[in-house]
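Student: The structure file input-v8.cif (mmCIF, N, CA and C atoms) is provided below.
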```cif
data_upload
loop_
_atom_site.label_atom_id
_atom_site.label_comp_id
_atom_site.auth_asym_id
_atom_site.auth_seq_id
_atom_site.Cartn_x
_atom_site.Cartn_y
_atom_site.Cartn_z
N MET A 8 -11.19 -12.61 -17.91
CA MET A 8 -12.56 -12.16 -17.84
C MET A 8 -12.62 -10.70 -18.27
N THR A 9 -13.68 -10.32 -18.94
CA THR A 9 -13.86 -8.95 -19.40
C THR A 9 -14.85 -8.23 -18.50
N TYR A 10 -14.49 -7.04 -18.09
CA TYR A 10 -15.34 -6.22 -17.22
C TYR A 10 -15.86 -5.01 -18.00
N GLU A 11 -17.04 -4.54 -17.63
CA GLU A 11 -17.66 -3.42 -18.32
C GLU A 11 -16.94 -2.10 -18.07
N LYS A 12 -16.42 -1.93 -16.84
CA LYS A 12 -15.80 -0.66 -16.44
C LYS A 12 -14.54 -0.94 -15.64
N ALA A 13 -13.72 0.08 -15.47
CA ALA A 13 -12.49 -0.06 -14.68
C ALA A 13 -12.79 -0.16 -13.19
N VAL A 14 -13.85 0.50 -12.74
CA VAL A 14 -14.28 0.44 -11.34
C VAL A 14 -15.76 0.08 -11.34
N MET A 15 -16.09 -0.98 -10.59
CA MET A 15 -17.48 -1.44 -10.52
C MET A 15 -17.87 -1.65 -9.07
N ASN A 16 -19.17 -1.50 -8.78
CA ASN A 16 -19.62 -1.76 -7.41
C ASN A 16 -20.01 -3.23 -7.25
N LYS A 17 -20.27 -3.61 -6.02
CA LYS A 17 -20.54 -5.01 -5.71
C LYS A 17 -21.77 -5.53 -6.45
N THR A 18 -22.82 -4.75 -6.54
CA THR A 18 -24.04 -5.18 -7.22
C THR A 18 -23.78 -5.49 -8.69
N GLU A 19 -23.01 -4.64 -9.34
CA GLU A 19 -22.68 -4.87 -10.75
C GLU A 19 -21.90 -6.17 -10.93
N LEU A 20 -20.95 -6.42 -10.03
CA LEU A 20 -20.15 -7.63 -10.12
C LEU A 20 -20.99 -8.87 -9.83
N MET A 21 -21.94 -8.75 -8.90
CA MET A 21 -22.83 -9.88 -8.61
C MET A 21 -23.70 -10.20 -9.82
N ARG A 22 -24.12 -9.19 -10.57
CA ARG A 22 -24.89 -9.42 -11.80
C ARG A 22 -24.06 -10.17 -12.84
N MET A 23 -22.75 -10.02 -12.76
CA MET A 23 -21.85 -10.73 -13.68
C MET A 23 -21.60 -12.17 -13.23
N GLY A 24 -22.06 -12.52 -12.03
CA GLY A 24 -21.92 -13.88 -11.55
C GLY A 24 -21.00 -14.07 -10.36
N PHE A 25 -20.41 -12.99 -9.85
CA PHE A 25 -19.54 -13.11 -8.67
C PHE A 25 -20.38 -13.38 -7.44
N ASP A 26 -19.85 -14.20 -6.55
CA ASP A 26 -20.52 -14.54 -5.30
C ASP A 26 -20.36 -13.40 -4.29
N GLU A 27 -21.45 -13.02 -3.63
CA GLU A 27 -21.41 -11.93 -2.67
C GLU A 27 -20.44 -12.21 -1.53
N ALA A 28 -20.42 -13.43 -1.03
CA ALA A 28 -19.52 -13.78 0.08
C ALA A 28 -18.05 -13.63 -0.33
N TRP A 29 -17.72 -14.01 -1.57
CA TRP A 29 -16.34 -13.88 -2.03
C TRP A 29 -15.95 -12.42 -2.18
N LEU A 30 -16.85 -11.59 -2.71
CA LEU A 30 -16.57 -10.16 -2.83
C LEU A 30 -16.38 -9.52 -1.46
N ASP A 31 -17.19 -9.92 -0.48
CA ASP A 31 -17.02 -9.42 0.89
C ASP A 31 -15.68 -9.87 1.47
N TYR A 32 -15.29 -11.11 1.17
CA TYR A 32 -14.00 -11.64 1.62
C TYR A 32 -12.85 -10.79 1.06
N VAL A 33 -12.91 -10.49 -0.22
CA VAL A 33 -11.87 -9.66 -0.84
C VAL A 33 -11.80 -8.30 -0.16
N PHE A 34 -12.94 -7.72 0.13
CA PHE A 34 -12.98 -6.41 0.78
C PHE A 34 -12.36 -6.47 2.18
N ARG A 35 -12.65 -7.53 2.93
CA ARG A 35 -12.14 -7.66 4.30
C ARG A 35 -10.66 -8.02 4.34
N VAL A 36 -10.22 -8.91 3.45
CA VAL A 36 -8.85 -9.43 3.49
C VAL A 36 -7.83 -8.44 2.94
N ARG A 37 -8.16 -7.77 1.85
CA ARG A 37 -7.22 -6.85 1.21
C ARG A 37 -7.36 -5.46 1.82
N THR A 38 -6.73 -5.28 2.98
CA THR A 38 -6.85 -4.02 3.70
C THR A 38 -6.05 -2.88 3.09
N ASP A 39 -5.21 -3.17 2.09
CA ASP A 39 -4.45 -2.10 1.45
C ASP A 39 -5.34 -1.21 0.58
N ARG A 40 -6.57 -1.67 0.32
CA ARG A 40 -7.59 -0.92 -0.43
C ARG A 40 -7.22 -0.64 -1.88
N LYS A 41 -6.33 -1.46 -2.44
CA LYS A 41 -6.03 -1.33 -3.87
C LYS A 41 -7.12 -1.98 -4.69
N ILE A 42 -7.78 -3.01 -4.13
CA ILE A 42 -8.80 -3.74 -4.86
C ILE A 42 -10.19 -3.21 -4.55
N ALA A 43 -10.50 -3.04 -3.27
CA ALA A 43 -11.86 -2.66 -2.88
C ALA A 43 -11.85 -1.60 -1.78
N TRP A 44 -12.79 -0.68 -1.85
CA TRP A 44 -12.90 0.40 -0.88
C TRP A 44 -14.34 0.89 -0.85
N ARG A 45 -14.67 1.64 0.17
CA ARG A 45 -15.99 2.24 0.27
C ARG A 45 -16.04 3.48 -0.62
N GLY A 46 -17.04 3.55 -1.48
CA GLY A 46 -17.21 4.70 -2.35
C GLY A 46 -17.82 5.88 -1.61
N GLY A 47 -18.08 6.94 -2.32
CA GLY A 47 -18.73 8.11 -1.72
C GLY A 47 -17.91 8.71 -0.60
N ASN A 48 -18.56 8.91 0.53
CA ASN A 48 -17.87 9.53 1.67
C ASN A 48 -17.22 8.51 2.60
N GLY A 49 -17.27 7.23 2.25
CA GLY A 49 -16.57 6.21 3.02
C GLY A 49 -17.30 5.71 4.24
N THR A 50 -18.54 6.08 4.41
CA THR A 50 -19.29 5.61 5.58
C THR A 50 -19.69 4.15 5.38
N GLU A 51 -20.17 3.55 6.44
CA GLU A 51 -20.54 2.13 6.42
C GLU A 51 -21.60 1.82 5.37
N ARG A 52 -22.46 2.76 5.06
CA ARG A 52 -23.54 2.54 4.10
C ARG A 52 -23.14 2.86 2.66
N SER A 53 -21.94 3.36 2.46
CA SER A 53 -21.46 3.67 1.10
C SER A 53 -21.22 2.36 0.35
N PRO A 54 -21.48 2.33 -0.95
CA PRO A 54 -21.27 1.09 -1.71
C PRO A 54 -19.78 0.75 -1.81
N ILE A 55 -19.50 -0.53 -1.82
CA ILE A 55 -18.12 -0.99 -1.99
C ILE A 55 -17.79 -0.95 -3.48
N GLN A 56 -16.67 -0.33 -3.80
CA GLN A 56 -16.20 -0.21 -5.18
C GLN A 56 -15.01 -1.15 -5.37
N TYR A 57 -14.88 -1.72 -6.55
CA TYR A 57 -13.80 -2.65 -6.86
C TYR A 57 -13.05 -2.20 -8.10
N ASP A 58 -11.72 -2.16 -8.01
CA ASP A 58 -10.87 -1.92 -9.17
C ASP A 58 -10.83 -3.24 -9.92
N THR A 59 -11.41 -3.31 -11.10
CA THR A 59 -11.57 -4.59 -11.78
C THR A 59 -10.24 -5.20 -12.25
N GLU A 60 -9.27 -4.36 -12.58
CA GLU A 60 -7.96 -4.89 -12.98
C GLU A 60 -7.28 -5.59 -11.80
N GLU A 61 -7.29 -4.93 -10.64
CA GLU A 61 -6.70 -5.52 -9.43
C GLU A 61 -7.50 -6.73 -8.96
N LEU A 62 -8.82 -6.67 -9.08
CA LEU A 62 -9.67 -7.79 -8.70
C LEU A 62 -9.35 -9.01 -9.55
N GLU A 63 -9.16 -8.81 -10.84
CA GLU A 63 -8.84 -9.92 -11.74
C GLU A 63 -7.49 -10.54 -11.38
N LYS A 64 -6.50 -9.71 -11.06
CA LYS A 64 -5.20 -10.24 -10.62
C LYS A 64 -5.36 -11.09 -9.37
N PHE A 65 -6.15 -10.60 -8.40
CA PHE A 65 -6.37 -11.32 -7.16
C PHE A 65 -7.12 -12.62 -7.43
N ARG A 66 -8.12 -12.58 -8.32
CA ARG A 66 -8.90 -13.77 -8.64
C ARG A 66 -8.01 -14.84 -9.26
N LYS A 67 -7.16 -14.44 -10.19
CA LYS A 67 -6.26 -15.39 -10.86
C LYS A 67 -5.26 -15.98 -9.86
N ALA A 68 -4.72 -15.14 -8.99
CA ALA A 68 -3.77 -15.62 -7.99
C ALA A 68 -4.44 -16.57 -7.00
N SER A 69 -5.69 -16.30 -6.68
CA SER A 69 -6.44 -17.16 -5.75
C SER A 69 -6.70 -18.53 -6.36
N CYS A 70 -6.95 -18.54 -7.67
CA CYS A 70 -7.23 -19.81 -8.36
C CYS A 70 -5.99 -20.67 -8.53
N THR A 71 -4.84 -20.02 -8.68
CA THR A 71 -3.60 -20.77 -8.92
C THR A 71 -2.82 -21.02 -7.64
N GLY A 72 -3.20 -20.35 -6.54
CA GLY A 72 -2.50 -20.53 -5.28
C GLY A 72 -1.26 -19.68 -5.14
N ASP A 73 -1.06 -18.70 -6.00
CA ASP A 73 0.12 -17.82 -5.92
C ASP A 73 0.00 -16.85 -4.77
#
```
So that I can check it, write out the structure of this file as structure tokens.
Tutor:
Amino acid sequence: MTYEKAVMNKTELMRMGFDEAWLDYVFRVRTDRKIAWRGGNGTERSPIQYDTEELEKFRKASCTGD
């Protein structure tokens, strides 16, 4: 899959067709924060940012069961 930018927020990814519940799942499950983290000052209301390269690796691994 091709992404517009190296780092995208949840709204941008949802516009590309990603499911909001799946993006939230990735944010909650991957606590190492290589894939998703809170942008800005890191408060609860800050937008969640996603590293698209790491997200794609996770998506592919999830689809294949690796």
Student: Could you name the residues that touch Glu19 in chain A at 12 Å or less, counting only C-alpha atoms, but leaving out those on the same chain fewer than 3 positions away, as a list in words?
Tutor: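 Once the adjacent positions are removed, what remains is Tyr10, Glu11, Lys12, Ala13, Val14, Met15, Asn16, Arg22, Met23, Gly24, Phe25, Asp26, Glu27, Leu30, Pro54, Ile55, Gln56, Tyr57 and Thr59 of chain A.
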Student: Record the distance separating atom C of Glu51 in chain A and atom N of Asp31 in chain A, expressed in Å with one decimal.
Tutor: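 About the pair atom C of Glu51 in chain A and atom N of Asp31 in chain A: they are 13.8 Å apart.
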Student: If DSSP is run on the backbone, what residues of chain A are strand (DSSP E)? A reply as an MDAnalysis selection string would be ideal.
Tutor: chainID A and resid 14:16 43:45 55:58
Student: Taking the file as shown, find all residues satisfying the PyMOL selection byres (((chain A and resi 65-69 and name CA) around 10) and name CA) and write them as a list in words.
Tutor: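 When the PyMOL selection byres (((chain A and resi 65-69 and name CA) around 10) and name CA) is applied to the shown file, the picked residues are Met8, Trp29, Val33, Arg37, Ile42, Thr59, Glu60, Glu61, Leu62, Glu63, Lys64, Cys70, Thr71, Gly72 and Asp73 of chain A.
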Student: Would you work out the distance separating atom N of Arg40 in chain A from CA of Leu20 in chain A, expressed in Å to one decimal?
Tutor: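 Atom N of Arg40 in chain A sits 18.1 Å away from CA of Leu20 in chain A.
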Student: Quick one: distance from CA of Ala28 in chain A to CA of Asn48 in chain A in Å, one decimal?
Tutor: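 If I compute the distance from CA of Ala28 in chain A to CA of Asn48 in chain A, I get 23.4 Å.
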Student: If you run DSSP on the backbone here, which positions in chain A get helix (DSSP H, G or I)? Please write them as a short mmCIF file (atom, residue, chain, number, x, y, z; two decimals) with N, CA and C atoms, in the frame of the given file.
Tutor:
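Generated output (out_13.cif):
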```cif
data_model
loop_
_atom_site.label_atom_id
_atom_site.label_comp_id
_atom_site.auth_asym_id
_atom_site.auth_seq_id
_atom_site.Cartn_x
_atom_site.Cartn_y
_atom_site.Cartn_z
N LYS A 17 -20.27 -3.61 -6.02
CA LYS A 17 -20.54 -5.01 -5.71
C LYS A 17 -21.77 -5.53 -6.45
N THR A 18 -22.82 -4.75 -6.54
CA THR A 18 -24.04 -5.18 -7.22
C THR A 18 -23.78 -5.49 -8.69
N GLU A 19 -23.01 -4.64 -9.34
CA GLU A 19 -22.68 -4.87 -10.75
C GLU A 19 -21.90 -6.17 -10.93
N LEU A 20 -20.95 -6.42 -10.03
CA LEU A 20 -20.15 -7.63 -10.12
C LEU A 20 -20.99 -8.87 -9.83
N MET A 21 -21.94 -8.75 -8.90
CA MET A 21 -22.83 -9.88 -8.61
C MET A 21 -23.70 -10.20 -9.82
N ARG A 22 -24.12 -9.19 -10.57
CA ARG A 22 -24.89 -9.42 -11.80
C ARG A 22 -24.06 -10.17 -12.84
N GLU A 27 -21.45 -13.02 -3.63
CA GLU A 27 -21.41 -11.93 -2.67
C GLU A 27 -20.44 -12.21 -1.53
N ALA A 28 -20.42 -13.43 -1.03
CA ALA A 28 -19.52 -13.78 0.08
C ALA A 28 -18.05 -13.63 -0.33
N TRP A 29 -17.72 -14.01 -1.57
CA TRP A 29 -16.34 -13.88 -2.03
C TRP A 29 -15.95 -12.42 -2.18
N LEU A 30 -16.85 -11.59 -2.71
CA LEU A 30 -16.57 -10.16 -2.83
C LEU A 30 -16.38 -9.52 -1.46
N ASP A 31 -17.19 -9.92 -0.48
CA ASP A 31 -17.02 -9.42 0.89
C ASP A 31 -15.68 -9.87 1.47
N TYR A 32 -15.29 -11.11 1.17
CA TYR A 32 -14.00 -11.64 1.62
C TYR A 32 -12.85 -10.79 1.06
N VAL A 33 -12.91 -10.49 -0.22
CA VAL A 33 -11.87 -9.66 -0.84
C VAL A 33 -11.80 -8.30 -0.16
N PHE A 34 -12.94 -7.72 0.13
CA PHE A 34 -12.98 -6.41 0.78
C PHE A 34 -12.36 -6.47 2.18
N ARG A 35 -12.65 -7.53 2.93
CA ARG A 35 -12.14 -7.66 4.30
C ARG A 35 -10.66 -8.02 4.34
N VAL A 36 -10.22 -8.91 3.45
CA VAL A 36 -8.85 -9.43 3.49
C VAL A 36 -7.83 -8.44 2.94
N THR A 59 -11.41 -3.31 -11.10
CA THR A 59 -11.57 -4.59 -11.78
C THR A 59 -10.24 -5.20 -12.25
N GLU A 60 -9.27 -4.36 -12.58
CA GLU A 60 -7.96 -4.89 -12.98
C GLU A 60 -7.28 -5.59 -11.80
N GLU A 61 -7.29 -4.93 -10.64
CA GLU A 61 -6.70 -5.52 -9.43
C GLU A 61 -7.50 -6.73 -8.96
N LEU A 62 -8.82 -6.67 -9.08
CA LEU A 62 -9.67 -7.79 -8.70
C LEU A 62 -9.35 -9.01 -9.55
N GLU A 63 -9.16 -8.81 -10.84
CA GLU A 63 -8.84 -9.92 -11.74
C GLU A 63 -7.49 -10.54 -11.38
N LYS A 64 -6.50 -9.71 -11.06
CA LYS A 64 -5.20 -10.24 -10.62
C LYS A 64 -5.36 -11.09 -9.37
N PHE A 65 -6.15 -10.60 -8.40
CA PHE A 65 -6.37 -11.32 -7.16
C PHE A 65 -7.12 -12.62 -7.43
N ARG A 66 -8.12 -12.58 -8.32
CA ARG A 66 -8.90 -13.77 -8.64
C ARG A 66 -8.01 -14.84 -9.26
N LYS A 67 -7.16 -14.44 -10.19
CA LYS A 67 -6.26 -15.39 -10.86
C LYS A 67 -5.26 -15.98 -9.86
N ALA A 68 -4.72 -15.14 -8.99
CA ALA A 68 -3.77 -15.62 -7.99
C ALA A 68 -4.44 -16.57 -7.00
N SER A 69 -5.69 -16.30 -6.68
CA SER A 69 -6.44 -17.16 -5.75
C SER A 69 -6.70 -18.53 -6.36
N CYS A 70 -6.95 -18.54 -7.67
CA CYS A 70 -7.23 -19.81 -8.36
C CYS A 70 -5.99 -20.67 -8.53
N THR A 71 -4.84 -20.02 -8.68
CA THR A 71 -3.60 -20.77 -8.92
C THR A 71 -2.82 -21.02 -7.64
#
```
